[in-house]
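Participant: Before we start, here is the structure in question, set down as structure tokens.
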Amino acid sequence: MDIFTLILTDYTIRNVVLGALVLGIVSGTLSAFAVLRKQSLLGDTMSHAALPGVVIAFIVTGARAPLPLLIGAMIAGLLGTLLMGVITSQTRIKQDSAQGVILSVFFGFGLALLSWVIRQPGAEHAGLNKFLFGQAAATVESDVITMAVIGGIALVVIGLFWKEFKLISFDAQYAKTLGMPIGRLDILITTLIVIAVVVGLQMVGVVLMSAMIVAPGVAARQWTQRLGVMVVLASLFGAAAGVTGALISSAALNVPTGPVIVLCITAIVMVSLLFAPERGIVWDAFRQARNRRTLLERLKHEPKPGGAPLPKGAYKP
Amino acid sequence: MSQSQIEIQLVAALVAAACAIPGVFLVLRRVALMSDAISHTVLFGIVIGFIVLRDIQNPILIVFAAGAGVLTVSLTELLLKTRRVHEDAAIGLVFPALFSIAVIIITQNFGDIHLDVDAVLLGELAFAPFNRVDILGASLPRGVVIMVIILAINLVLLAVFYKELKLATFDAGLAAALGFAPALIHYGLMTSVSVTVVGAFDHVGSILVIALMIAPPAAAYLLTDKLGRMLLYSVMIAVAAAIGGYWMARALNVNISGAMASIVGLLFLAALLFAPERGLIAKSIQRMRRGERFAVEMLLVHLTRHENTPDEARENSLPHLIEELNWHPQAARMTVIRAASQGWIEQETDRLNLTTKGRARGLTLLAR
């Protein structure tokens, strides 16, 4: 059967592909902002910090419905960001250490809670594990719908606050002088990143979700100097990696989806770094070699010091 | 306590101490998140090592894992050198990619051996006593032997290169000018981090390795300004979390690594709140005191300026202060009481008079 009929007809593959598509678009869009604001590892921290929220939401509701778990994850992720802000602004501990502490302690606490839940009698907790490592194949239609709705809301919010986000990404100081509430905008954009992380968590898992908040933005940045183009490109790259990864892993037996998606987006980043017009490393190397050649040529033809005086206007630096 | 309980705690304490030592330098050099990256990529090294050696118990695996750690650092620096990627983005690109390759190789080739991803992230300390080796006729848990060796390596490296590490950490420019190679020190530290991570994560999982490497030094950083003390406090906090976490895990029947990470988090929170001078509470008290002292000084200046002027009676009265300086009545009364308790002013109903001592103080403040 050819692959397109399979996508349309096979229930599991269709859900996985659609889920990966949503994940790619949402995380790609937000990664553009995360990369510009030099908050790339925020996704890493958030995805780990979300775990205790997921488990507590499960303990409270006693069911594995996607929405409450996502809300729990969001609350825990935001709490982690908030604490990180307190640590870095009130003490001399730097951003990297604050992230390390929040990430490992929240996640460790989540693991302790999770192990407690799993040792309780009952089978409802089966599947909570997929928040750790992601389990794309277990994506069901309601998961895809939840992801699409939450992700869609995040995209709409970005559209509404486009001008503000643009300004705080490039020149937060200027935004402040204009009287924009940058504190609140900061929290808003962080919330959106948390949403993107949470949306992807159950598909690709904690560790690999961090790549989806970094890689599409880095790749897109190489191709353009305009924010609008960058955001669109980042979401396209994210979507392409998501769908390709999902298809490869459902075509080949026993290949986990998350890692394949990550390798796809890594390949896109490498191509972008090397071959993007203007910023590509390869073109840069060509340009440098050419400049070196022309400089040497010119030096060869130029008169030696102490020789005949240069004709007027001959020297062009 | 049974022998296996003691052994588990011993392994945990050794892991904690071994992690905290290089962790201090990660925190001070602002590369804490390299521990996050390395703790994931050593899996890549172990997988490659396993493919070459075909033996999961072979000690040479440590060399492969450490190599993966160094590879992570070099790839990150390579990306940084292109000047197209910011530092945290570079870290975030490298380790998920290597980790993904490792996970794919594992699921493709050895689904059945002890190399599953859960064990890597979580670790299972409870199994430590079952894996034993005989050394000099005594049967010891393998974890104890390995962690003693790694801790000893870290201590020796620390003792030998203490001066160099200290200088390179606090004044990289001077260290470079004096001829210490900063890159060599950086890679040396990262190799030591990698070796420690490999030894440790087998028992406690990669997440607790990060927790033990970063949180105790970060807490100790709030407690002292001296490098030697920071190292000592870090080791003490880490070991306390390891032992405390073990008992918490037993009491609540939860995962040991998770419990240890939670305890280390609580200890960090305690330091964050209660550290003398740098803690949040100490800081807010300092801020309050500063505010109070400033208010008293402002009061003295005001009284000194208006003393012996025609409208002294009106100016130097409590209601007028509340009005002119826009003070809250309660705050104004407290300030007056504070100034009076210092013996700087005397209060007759609403009228405020400077004492000789208060006048002298007011004049010095005005002369500043």
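Letters for chains follow the order of the structure tokens (A, B, ...), residue numbers begin at 1 for each chain, and ligand numbers begin at 1 in the order shown.
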Near chain B, which residues of chain A fall within 8 Å when you count only C-alpha atoms, and what do they look like as an MDAnalysis selection string?

Facilitator: chainID A and resid 35 38:41 44 87 90:94 96:101 104:113 115:116 207:208 210:211 214:215 218 222 254:256 258:260 262:263 266 273 281

Participant: Can you pull out the residues contacting B:Leu184? Cut-off 12 Å, using only C-alpha atoms, and skip same-chain residues under 5 positions away; I want them as a ChimeraX atom specification.

Facilitator: /B:70,161,164-165,168,175-176,179,189-191

Participant: Using atom CA of A:Asp10 and atom CA of A:Ala251 as the two end points, give the distance in Å to one decimal.

Facilitator: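 Those two atoms sit 12.1 Å apart.
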
Participant: Tell me, as a list in words, which residues lie within 10 Å of stretch 315-328 of chain B, counting only C-alpha atoms; anything in the same chain fewer than 3 positions away does not count.

Facilitator: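 Listing them by chain and then by number gives Ala295, Met298, Leu299, His302, Leu303, Thr304, Arg305, His306, Glu307, Thr309, Pro310, Asp311, Glu312, Ala331, Ala332, Arg333, Met334, Thr335, Val336, Gln347, Glu348, Thr349, Asp350, Arg351, Leu352, Asn353 and Leu354 of chain B.
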
Participant: Identify, on the basis of only C-alpha atoms, every residue whose closest approach to stretch 180-183 of chain A does not exceed 12 Å; exclude the query and any residue fewer than 2 positions from it along the same chain; express the result as a PDB file with C-alpha atoms, in the first residue's frame.

Facilitator:
```pdb
ATOM      1  CA  LEU A  82       8.942  31.286  38.596  1.00  0.00           C
ATOM      2  CA  GLY A  85      13.410  33.684  38.254  1.00  0.00           C
ATOM      3  CA  PHE A 161       0.800  39.803  20.643  1.00  0.00           C
ATOM      4  CA  LYS A 163       4.273  43.254  17.783  1.00  0.00           C
ATOM      5  CA  GLU A 164       4.991  43.021  21.506  1.00  0.00           C
ATOM      6  CA  PHE A 165       6.788  39.680  21.254  1.00  0.00           C
ATOM      7  CA  LYS A 166       8.833  40.960  18.352  1.00  0.00           C
ATOM      8  CA  LEU A 167       9.997  43.957  20.327  1.00  0.00           C
ATOM      9  CA  ILE A 168      10.840  42.101  23.555  1.00  0.00           C
ATOM     10  CA  SER A 169      12.738  39.477  21.550  1.00  0.00           C
ATOM     11  CA  ASP A 171      15.126  45.065  22.215  1.00  0.00           C
ATOM     12  CA  ALA A 172      13.588  44.535  25.619  1.00  0.00           C
ATOM     13  CA  GLN A 173      15.044  47.804  26.926  1.00  0.00           C
ATOM     14  CA  TYR A 174      13.304  49.813  24.231  1.00  0.00           C
ATOM     15  CA  ALA A 175      10.063  47.946  24.887  1.00  0.00           C
ATOM     16  CA  LYS A 176      10.396  48.973  28.521  1.00  0.00           C
ATOM     17  CA  THR A 177      10.853  52.631  27.680  1.00  0.00           C
ATOM     18  CA  LEU A 178       7.714  52.449  25.548  1.00  0.00           C
ATOM     19  CA  LEU A 185       4.831  39.668  28.459  1.00  0.00           C
ATOM     20  CA  ASP A 186       7.799  37.630  29.653  1.00  0.00           C
ATOM     21  CA  ILE A 187       5.516  35.405  31.715  1.00  0.00           C
ATOM     22  CA  LEU A 188       3.130  35.096  28.761  1.00  0.00           C
ATOM     23  CA  ILE A 189       5.801  33.956  26.326  1.00  0.00           C
ATOM     24  CA  THR A 190       7.235  31.545  28.911  1.00  0.00           C
TER      25      THR A 190
END
```

Participant: So that I can see what lies close to A:Ala20, please list as a PyMOL selection string the residues with an atom at most 8 Å from it, counting only C-alpha atoms and leaving out residues fewer than 4 positions away in the same chain.

Facilitator: chain A and resi 16+24+203+239+242-243+246

Participant: Just the selected residues (all heavy atoms), exported as a compact mmCIF listing (two decimals), in the first residue's frame, please.

Facilitator:
```
# COMPACT_ATOMS: atom_id res chain seq x y z
N VAL A 16 -0.49 9.33 14.77
CA VAL A 16 0.91 9.65 15.05
C VAL A 16 1.38 10.79 14.15
O VAL A 16 2.01 11.75 14.60
CB VAL A 16 1.79 8.40 14.87
CG1 VAL A 16 3.27 8.78 14.94
CG2 VAL A 16 1.47 7.37 15.92
N GLY A 24 5.24 19.61 15.77
CA GLY A 24 6.27 20.31 15.01
C GLY A 24 5.92 21.77 14.81
O GLY A 24 6.76 22.65 15.00
N MET A 203 4.44 12.69 23.28
CA MET A 203 4.85 12.06 22.03
C MET A 203 6.34 11.74 22.01
O MET A 203 6.74 10.64 21.65
CB MET A 203 4.52 12.98 20.85
CG MET A 203 3.06 12.94 20.51
SD MET A 203 2.77 13.28 18.78
CE MET A 203 3.41 11.84 17.99
N ALA A 239 7.47 20.85 11.63
CA ALA A 239 6.45 19.96 11.09
C ALA A 239 7.09 18.90 10.19
O ALA A 239 6.75 17.70 10.27
CB ALA A 239 5.43 20.76 10.30
N GLY A 242 8.80 16.38 12.32
CA GLY A 242 7.82 15.58 13.04
C GLY A 242 7.20 14.52 12.15
O GLY A 242 7.18 13.33 12.48
N VAL A 243 6.73 14.95 10.98
CA VAL A 243 6.03 14.00 10.10
C VAL A 243 7.01 12.96 9.55
O VAL A 243 6.72 11.76 9.56
CB VAL A 243 5.34 14.77 8.95
CG1 VAL A 243 4.78 13.80 7.93
CG2 VAL A 243 4.24 15.65 9.52
N ALA A 246 7.85 10.53 12.29
CA ALA A 246 6.73 9.64 12.59
C ALA A 246 6.58 8.58 11.51
O ALA A 246 6.35 7.40 11.80
CB ALA A 246 5.45 10.46 12.72
```

Participant: Can you list, as a compact mmCIF listing (two decimals) with N, CA and C atoms, in the first residue's frame, all residues belonging to stretch 33-260 of chain B that DSSP tags as strand (DSSP E)?

Facilitator:
```
# COMPACT_ATOMS: atom_id res chain seq x y z
N ARG B 132 28.46 -7.99 43.32
CA ARG B 132 29.63 -7.94 44.20
C ARG B 132 30.92 -8.33 43.49
N VAL B 133 32.04 -7.87 44.00
CA VAL B 133 33.34 -8.31 43.52
C VAL B 133 34.20 -8.68 44.73
N ASP B 134 35.18 -9.57 44.51
CA ASP B 134 36.08 -9.95 45.59
C ASP B 134 37.38 -9.18 45.46
N ILE B 135 37.71 -8.46 46.51
CA ILE B 135 38.97 -7.73 46.50
C ILE B 135 39.72 -8.04 47.78
N ALA B 138 37.96 -10.00 50.43
CA ALA B 138 36.70 -9.51 50.98
C ALA B 138 35.69 -9.32 49.85
N SER B 139 34.44 -9.66 50.10
CA SER B 139 33.41 -9.47 49.08
C SER B 139 32.78 -8.10 49.26
N LEU B 140 32.95 -7.22 48.26
CA LEU B 140 32.42 -5.86 48.37
C LEU B 140 31.44 -5.61 47.22
N PRO B 141 30.45 -4.74 47.45
CA PRO B 141 29.59 -4.36 46.32
C PRO B 141 30.44 -3.66 45.26
```

Participant: Need to verify the contact set: stretch 52-58 of chain B, 12 Å, only C-alpha atoms, exclusion of same-chain residues closer than 2 positions in sequence. Can you return it as a list in words?

Facilitator: Gly45, Ile46, Val47, Ile48, Gly49, Phe50, Ile60, Leu61, Ile62, Val63, Phe64, Ala65, Asn109, Phe110, Ile113, His114, Leu115, Asn131, Arg132, Val133, Arg142, Gly143, Ile146, Gly199 and Asp202 of chain B

Participant: Restricting the calculation to only C-alpha atoms, which member of B:Arg293, B:Thr224, B:Thr169, B:Ser194 is positioned closest to B:Pro182?

Facilitator: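 Checking each of B:Arg293, B:Thr224, B:Thr169, B:Ser194 against B:Pro182, counting only C-alpha atoms, the winner is B:Thr169.
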
Participant: Please give the complete set of residues from stretch 19-186 of chain A that DSSP, run on the backbone, assigns to alpha helix (DSSP H), formatted as a PyMOL selection string.

Facilitator: chain A and resi 19-36+42-61+66-90+95-118+130-133+141-160+162-170+172-177+182-186

Participant: Could you save the residues just selected, with C-alpha atoms, as a short mmCIF file (atom, residue, chain, number, x, y, z; two decimals), in the first residue's frame?

Facilitator:
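Once written, result-v7.cif looks like this:
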```cif
data_model
loop_
_atom_site.label_atom_id
_atom_site.label_comp_id
_atom_site.auth_asym_id
_atom_site.auth_seq_id
_atom_site.Cartn_x
_atom_site.Cartn_y
_atom_site.Cartn_z
CA GLY A 19 0.25 14.50 16.40
CA ALA A 20 3.79 14.95 15.12
CA LEU A 21 2.55 17.62 12.73
CA VAL A 22 0.89 19.60 15.54
CA LEU A 23 3.93 19.14 17.76
CA GLY A 24 6.27 20.31 15.01
CA ILE A 25 4.27 23.42 14.17
CA VAL A 26 3.69 24.54 17.76
CA SER A 27 7.17 23.83 19.11
CA GLY A 28 8.79 25.16 15.93
CA THR A 29 6.97 28.48 16.21
CA LEU A 30 7.89 28.93 19.86
CA SER A 31 11.46 27.77 19.37
CA ALA A 32 11.96 30.79 17.10
CA PHE A 33 11.23 33.05 20.08
CA ALA A 34 13.15 30.87 22.56
CA VAL A 35 16.27 30.97 20.39
CA LEU A 36 16.07 34.73 19.80
CA LEU A 42 14.12 26.66 28.96
CA GLY A 43 12.37 23.86 27.08
CA ASP A 44 14.70 21.34 28.68
CA THR A 45 14.02 22.70 32.15
CA MET A 46 10.27 22.95 31.59
CA SER A 47 9.89 19.44 30.21
CA HIS A 48 11.59 18.01 33.29
CA ALA A 49 9.86 20.32 35.74
CA ALA A 50 6.45 19.32 34.35
CA LEU A 51 6.65 15.73 35.60
CA PRO A 52 5.50 16.23 39.22
CA GLY A 53 2.55 18.24 37.87
CA VAL A 54 1.53 15.34 35.64
CA VAL A 55 1.72 12.84 38.49
CA ILE A 56 -0.09 15.07 41.00
CA ALA A 57 -2.83 15.75 38.44
CA PHE A 58 -3.16 12.00 38.04
CA ILE A 59 -3.34 11.44 41.80
CA VAL A 60 -5.97 14.17 42.17
CA THR A 61 -8.20 13.18 39.25
CA PRO A 66 -5.13 14.18 28.66
CA LEU A 67 -6.43 17.62 29.65
CA PRO A 68 -5.99 17.51 33.46
CA LEU A 69 -2.52 16.00 33.04
CA LEU A 70 -1.55 18.77 30.62
CA ILE A 71 -2.85 21.40 33.03
CA GLY A 72 -0.89 19.81 35.87
CA ALA A 73 2.23 19.81 33.71
CA MET A 74 1.69 23.46 32.86
CA ILE A 75 1.31 24.52 36.49
CA ALA A 76 4.45 22.64 37.55
CA GLY A 77 6.40 24.02 34.59
CA LEU A 78 5.36 27.59 35.38
CA LEU A 79 6.15 27.13 39.07
CA GLY A 80 9.61 25.94 38.05
CA THR A 81 10.15 29.00 35.84
CA LEU A 82 8.94 31.29 38.60
CA LEU A 83 11.34 29.75 41.15
CA MET A 84 14.15 29.99 38.64
CA GLY A 85 13.41 33.68 38.25
CA VAL A 86 13.48 34.19 42.04
CA ILE A 87 16.80 32.34 42.35
CA THR A 88 18.54 34.26 39.57
CA SER A 89 17.18 37.68 40.49
CA GLN A 90 17.53 37.48 44.28
CA GLN A 95 20.95 31.01 35.23
CA ASP A 96 22.68 27.72 34.38
CA SER A 97 22.88 26.51 37.98
CA ALA A 98 19.33 27.63 38.71
CA GLN A 99 18.12 25.64 35.69
CA GLY A 100 20.13 22.60 36.75
CA VAL A 101 18.67 22.69 40.26
CA ILE A 102 15.06 23.18 39.14
CA LEU A 103 15.30 20.60 36.37
CA SER A 104 16.81 17.82 38.46
CA VAL A 105 14.96 18.43 41.71
CA PHE A 106 11.50 18.77 40.13
CA PHE A 107 12.09 15.74 37.96
CA GLY A 108 13.45 13.71 40.88
CA PHE A 109 10.44 14.65 42.97
CA GLY A 110 8.20 13.65 40.07
CA LEU A 111 9.95 10.29 39.85
CA ALA A 112 9.48 9.69 43.56
CA LEU A 113 5.75 10.48 43.21
CA LEU A 114 5.50 8.32 40.09
CA SER A 115 7.12 5.34 41.80
CA TRP A 116 4.65 5.76 44.66
CA VAL A 117 1.69 5.83 42.26
CA ILE A 118 2.92 2.77 40.39
CA LYS A 130 4.93 7.61 28.49
CA PHE A 131 5.34 11.12 29.82
CA LEU A 132 8.92 10.19 30.62
CA PHE A 133 10.09 8.82 27.33
CA GLU A 141 -7.51 10.64 18.58
CA SER A 142 -8.44 12.50 21.77
CA ASP A 143 -4.74 13.20 22.40
CA VAL A 144 -4.37 14.69 18.92
CA ILE A 145 -7.48 16.84 19.39
CA THR A 146 -6.28 18.09 22.79
CA MET A 147 -2.85 18.87 21.37
CA ALA A 148 -4.35 20.68 18.38
CA VAL A 149 -6.72 22.80 20.49
CA ILE A 150 -4.09 23.80 23.07
CA GLY A 151 -1.45 24.37 20.42
CA GLY A 152 -3.92 26.37 18.32
CA ILE A 153 -4.68 28.64 21.26
CA ALA A 154 -0.94 29.23 21.73
CA LEU A 155 -0.56 30.17 18.05
CA VAL A 156 -3.51 32.58 18.21
CA VAL A 157 -1.98 34.27 21.26
CA ILE A 158 1.29 34.70 19.36
CA GLY A 159 -0.64 36.30 16.52
CA LEU A 160 -2.41 38.71 18.91
CA TRP A 162 3.00 39.68 17.54
CA LYS A 163 4.27 43.25 17.78
CA GLU A 164 4.99 43.02 21.51
CA PHE A 165 6.79 39.68 21.25
CA LYS A 166 8.83 40.96 18.35
CA LEU A 167 10.00 43.96 20.33
CA ILE A 168 10.84 42.10 23.55
CA SER A 169 12.74 39.48 21.55
CA PHE A 170 15.04 42.02 19.95
CA ALA A 172 13.59 44.54 25.62
CA GLN A 173 15.04 47.80 26.93
CA TYR A 174 13.30 49.81 24.23
CA ALA A 175 10.06 47.95 24.89
CA LYS A 176 10.40 48.97 28.52
CA THR A 177 10.85 52.63 27.68
CA ILE A 182 7.63 43.42 29.83
CA GLY A 183 7.36 41.44 33.06
CA ARG A 184 3.90 40.23 32.11
CA LEU A 185 4.83 39.67 28.46
CA ASP A 186 7.80 37.63 29.65
#
```
